[in-house]
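Source file: entry.cif (mmCIF, C-alpha atoms)
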data_start
loop_
_atom_site.label_atom_id
_atom_site.label_comp_id
_atom_site.auth_asym_id
_atom_site.auth_seq_id
_atom_site.Cartn_x
_atom_site.Cartn_y
_atom_site.Cartn_z
CA MET R 12 -16.04 23.28 -96.32
CA ARG R 13 -17.10 23.23 -99.95
CA LYS R 14 -16.32 26.31 -102.02
CA LEU R 15 -19.95 26.95 -102.90
CA THR R 16 -21.01 26.67 -99.24
CA ARG R 17 -18.16 28.96 -98.24
CA LEU R 18 -19.13 31.50 -100.90
CA GLY R 19 -22.76 31.38 -99.78
CA LEU R 20 -21.80 31.93 -96.13
CA ILE R 21 -19.56 34.88 -97.00
CA ALA R 22 -22.19 36.42 -99.30
CA ALA R 23 -24.97 36.03 -96.72
CA ILE R 24 -22.87 37.67 -94.00
CA LEU R 25 -21.81 40.53 -96.27
CA ILE R 26 -25.30 41.22 -97.59
CA GLY R 27 -26.97 40.91 -94.18
CA CYS R 28 -24.45 42.88 -92.13
CA VAL R 29 -23.60 45.60 -94.65
CA GLY R 30 -27.29 45.92 -95.52
CA CYS R 31 -28.35 46.37 -91.87
CA ASP R 32 -25.48 48.78 -91.26
CA GLN R 33 -26.30 50.95 -94.28
CA LEU R 34 -30.07 50.92 -93.63
CA SER R 35 -29.57 51.96 -90.00
CA LYS R 36 -27.18 54.76 -90.99
CA HIS R 37 -29.59 55.95 -93.68
CA ALA R 38 -32.41 56.07 -91.11
CA VAL R 39 -30.23 58.10 -88.75
CA ARG R 40 -29.16 60.56 -91.47
CA THR R 41 -32.79 60.89 -92.62
CA HIS R 42 -34.55 61.19 -89.25
CA LEU R 43 -32.02 62.65 -86.77
CA GLU R 44 -30.30 65.99 -87.14
CA LEU R 45 -26.54 65.97 -86.71
CA GLY R 46 -25.78 66.22 -82.99
CA TYR R 47 -29.33 65.28 -81.94
CA SER R 48 -29.57 62.74 -79.13
CA GLU R 49 -32.54 60.67 -77.94
CA SER R 50 -32.45 58.60 -74.76
CA PHE R 51 -34.07 55.17 -74.21
CA LEU R 52 -34.31 52.57 -71.44
CA GLY R 53 -33.57 54.96 -68.62
CA ASP R 54 -30.66 56.49 -70.58
CA THR R 55 -28.95 53.12 -70.96
CA LEU R 56 -29.17 53.53 -74.74
CA ARG R 57 -28.78 56.80 -76.60
CA LEU R 58 -29.22 57.43 -80.29
CA THR R 59 -26.90 60.31 -81.14
CA HIS R 60 -26.26 61.35 -84.73
CA ALA R 61 -22.51 61.87 -85.14
CA GLU R 62 -20.27 62.04 -88.21
CA ASN R 63 -16.81 60.63 -87.51
CA PRO R 64 -13.83 61.37 -89.79
CA GLY R 65 -11.64 59.02 -87.73
CA ALA R 66 -11.76 55.43 -86.60
CA PHE R 67 -13.37 54.07 -83.42
CA LEU R 68 -13.49 56.76 -80.71
CA SER R 69 -12.32 59.27 -83.38
CA VAL R 70 -8.79 57.87 -83.47
CA GLY R 71 -7.06 59.52 -86.42
CA ALA R 72 -9.68 62.24 -86.87
CA ASN R 73 -6.99 64.92 -86.61
CA LEU R 74 -4.83 63.45 -89.38
CA ALA R 75 -4.42 65.53 -92.51
CA ALA R 76 -6.99 64.68 -95.20
CA PRO R 77 -4.50 62.81 -97.46
CA ALA R 78 -3.38 60.64 -94.53
CA ARG R 79 -6.99 59.88 -93.53
CA ILE R 80 -7.76 58.87 -97.12
CA ALA R 81 -4.66 56.65 -97.26
CA VAL R 82 -5.41 54.93 -93.97
CA PHE R 83 -9.20 54.82 -93.78
CA GLN R 84 -10.09 54.39 -97.44
CA VAL R 85 -7.16 52.83 -99.30
CA GLY R 86 -5.82 50.86 -96.33
CA VAL R 87 -9.21 49.61 -95.19
CA GLY R 88 -10.13 48.73 -98.79
CA ILE R 89 -7.00 46.58 -99.11
CA ILE R 90 -7.67 44.89 -95.76
CA VAL R 91 -11.30 44.15 -96.67
CA LEU R 92 -10.21 42.64 -100.00
CA GLY R 93 -7.51 40.59 -98.26
CA LEU R 94 -9.96 39.27 -95.65
CA LEU R 95 -12.46 38.27 -98.32
CA LEU R 96 -9.85 36.55 -100.48
CA TYR R 97 -8.43 34.70 -97.50
CA ALA R 98 -11.88 33.64 -96.28
CA LEU R 99 -12.77 32.44 -99.77
CA LEU R 100 -9.53 30.81 -100.90
CA ALA R 101 -7.54 29.64 -97.88
CA ARG R 102 -7.54 25.93 -97.33
CA ASN R 103 -8.33 24.24 -94.04
CA LEU R 104 -10.50 26.98 -92.56
CA GLY R 105 -13.45 25.94 -90.45
CA ARG R 106 -16.91 27.48 -90.76
CA TRP R 107 -16.51 29.71 -87.71
CA THR R 108 -13.22 31.11 -88.96
CA VAL R 109 -14.72 31.84 -92.39
CA ALA R 110 -17.70 33.51 -90.72
CA ALA R 111 -15.44 35.60 -88.47
CA LEU R 112 -13.34 36.77 -91.43
CA ALA R 113 -16.50 37.65 -93.36
CA LEU R 114 -17.81 39.61 -90.36
CA LEU R 115 -14.56 41.58 -90.16
CA ALA R 116 -14.74 42.29 -93.91
CA ALA R 117 -18.39 43.36 -93.58
CA SER R 118 -17.46 45.71 -90.75
CA GLY R 119 -14.75 47.38 -92.81
CA LEU R 120 -16.94 47.50 -95.91
CA GLY R 121 -19.87 49.11 -94.08
CA ASN R 122 -17.72 51.98 -92.85
CA LEU R 123 -15.77 52.20 -96.13
CA ILE R 124 -19.03 52.78 -98.03
CA ASP R 125 -19.74 55.73 -95.72
CA ARG R 126 -16.27 57.18 -96.20
CA LEU R 127 -16.53 56.99 -99.98
CA ALA R 128 -20.06 58.41 -100.09
CA PHE R 129 -19.81 61.10 -97.37
CA ASP R 130 -16.50 62.89 -97.80
CA GLY R 131 -14.49 60.56 -95.55
CA ARG R 132 -16.97 60.56 -92.65
CA VAL R 133 -18.73 57.60 -91.04
CA THR R 134 -22.20 57.92 -89.51
CA ASP R 135 -22.21 56.78 -85.87
CA PHE R 136 -25.26 56.78 -83.64
CA LEU R 137 -25.23 54.20 -80.83
CA ASN R 138 -24.12 55.03 -77.30
CA MET R 139 -24.59 52.79 -74.28
CA GLY R 140 -23.88 53.20 -70.60
CA ILE R 141 -25.02 53.98 -67.11
CA HIS R 142 -24.73 57.53 -65.75
CA SER R 143 -21.27 58.86 -66.69
CA LEU R 144 -19.85 55.43 -67.58
CA ARG R 145 -20.56 55.33 -71.34
CA THR R 146 -19.18 53.86 -74.52
CA GLY R 147 -18.06 55.97 -77.43
CA ILE R 148 -20.57 56.53 -80.22
CA PHE R 149 -20.52 53.62 -82.65
CA ASN R 150 -22.57 51.94 -85.39
CA ILE R 151 -23.70 48.49 -86.53
CA ALA R 152 -20.51 47.95 -88.57
CA ASP R 153 -18.48 48.44 -85.39
CA VAL R 154 -20.61 45.85 -83.55
CA VAL R 155 -20.18 43.41 -86.44
CA GLY R 156 -16.40 43.88 -86.25
CA VAL R 157 -16.30 43.20 -82.52
CA VAL R 158 -18.41 40.06 -82.99
CA GLY R 159 -16.01 38.96 -85.75
CA VAL R 160 -12.98 39.41 -83.50
CA VAL R 161 -14.63 37.48 -80.63
CA ILE R 162 -15.59 34.60 -82.93
CA LEU R 163 -12.12 34.55 -84.48
CA LEU R 164 -10.50 34.41 -81.05
CA CYS R 165 -12.86 31.66 -79.89
CA ALA R 166 -12.40 29.67 -83.11
CA SER R 167 -8.61 29.96 -83.00
CA GLY R 168 -8.50 28.84 -79.37
CA SER R 169 -11.06 26.08 -79.70
CA SER R 170 -10.19 22.49 -80.44
CA ARG R 171 -13.84 21.91 -81.36
CA GLU R 172 -13.46 23.63 -84.74
CA THR R 173 -11.30 21.35 -86.79
CA PRO R 174 -9.93 22.68 -90.04
CA GLN R 175 -11.62 21.29 -93.11
CA ALA R 176 -10.14 20.70 -96.52
CA THR R 177 -11.52 22.83 -99.33
CA ASN R 178 -13.46 20.81 -101.89
CA ALA R 179 -14.21 21.87 -105.43
#
Step by step, read the file and then write its structure as structure tokens.
Amino acid sequence: MRKLTRLGLIAAILIGCVGCDQLSKHAVRTHLELGYSESFLGDTLRLTHAENPGAFLSVGANLAAPARIAVFQVGVGIIVLGLLLYALLARNLGRWTVAALALLAASGLGNLIDRLAFDGRVTDFLNMGIHSLRTGIFNIADVVGVVGVVILLCASGSSRETPQATNA
């Protein structure tokens, strides 16, 4: 994959995914009061405005503030930078692998922006399920991360994606 093509793919994924994530969170913060919940599709989908100081399913929410900053801001920032550098500079990565790495970086960046702008909290608002069987409350960045992991697993296990040399 040519460097310019790779850069364009990474930039498009970052701009599209982080942009959608931030716009959706802004809409939730603007139009739904904290704790408010609205049900759709026979309660299969709920929009619930939540502010999460932890990771997915509030893991780490009870950590002391300095530990949360170290893990969720500094640590995630380093991981996002590492993913982007690897996706951009590593040789012999196929398109799907580059896309998956960019999706994972976009996921981390979307939530990192929230943490930096909103005192360490991430805006979550999506909840899916049937009756009492429900997901945790999540956001678009979380969905993007899951998609990135699935693509990365499929690309790493697939013989159809052959590594390509990086051209100048």
Could you tell me which of R:Gly19, R:Val39, R:Arg126, R:Leu92 comes closest to Ile80 in chain R if we count all atoms listed in the file? R:Arg126
Just want the 12 Å neighbourhood of range 121-124 of chain R, counted on only C-alpha atoms, with same-chain residues fewer than 4 positions away dropped. Output as a PyMOL selection string. chain R and resi 24-37+62-67+79-80+82-92+113-117+128-135+149-156
Using all atoms listed in the file for the distances, tell me which of R:Ala78, R:Ala22, R:Ala101, R:Ile148 is nearest to Gly46 in chain R.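 Of R:Ala78, R:Ala22, R:Ala101, R:Ile148, the one nearest Gly46 in chain R is R:Ile148, counting all atoms listed in the file.
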Evaluated on this file, the PyMOL selection byres ((chain R and resi 13-18) around 12) picks out some residues - which ones are they, written as a PyMOL selection string? chain R and resi 12+19-26+95-110+112-113+175-179
Determine the nearest neighbour of Asn138 in chain R from the options R:Gly53, R:Tyr47, R:Arg40, R:Leu58, counting all atoms listed in the file.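 Among R:Gly53, R:Tyr47, R:Arg40, R:Leu58, it is R:Leu58 that comes nearest to Asn138 in chain R.
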Which of these residues is nearest to Leu45 in chain R, using only C-alpha atoms: R:Ser143, R:Asn73, R:Ser118, R:Thr59?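 Residue with the minimum atom-to-atom distance to Leu45 in chain R: R:Thr59.
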Apply the PyMOL selection byres ((chain R and resi 50) around 12) to the file shown and report the selected residues as an MDAnalysis selection string. chainID R and resid 47:49 51:59 136:142
Rounded to one decimal in Å, what is the spacing between CA of Thr146 in chain R and CA of His42 in chain R? 22.5 Å
So the first atom is CA of Leu127 in chain R and the second is CA of Leu163 in chain R; what is the distance between them in Å, to one decimal place? 27.6 Å
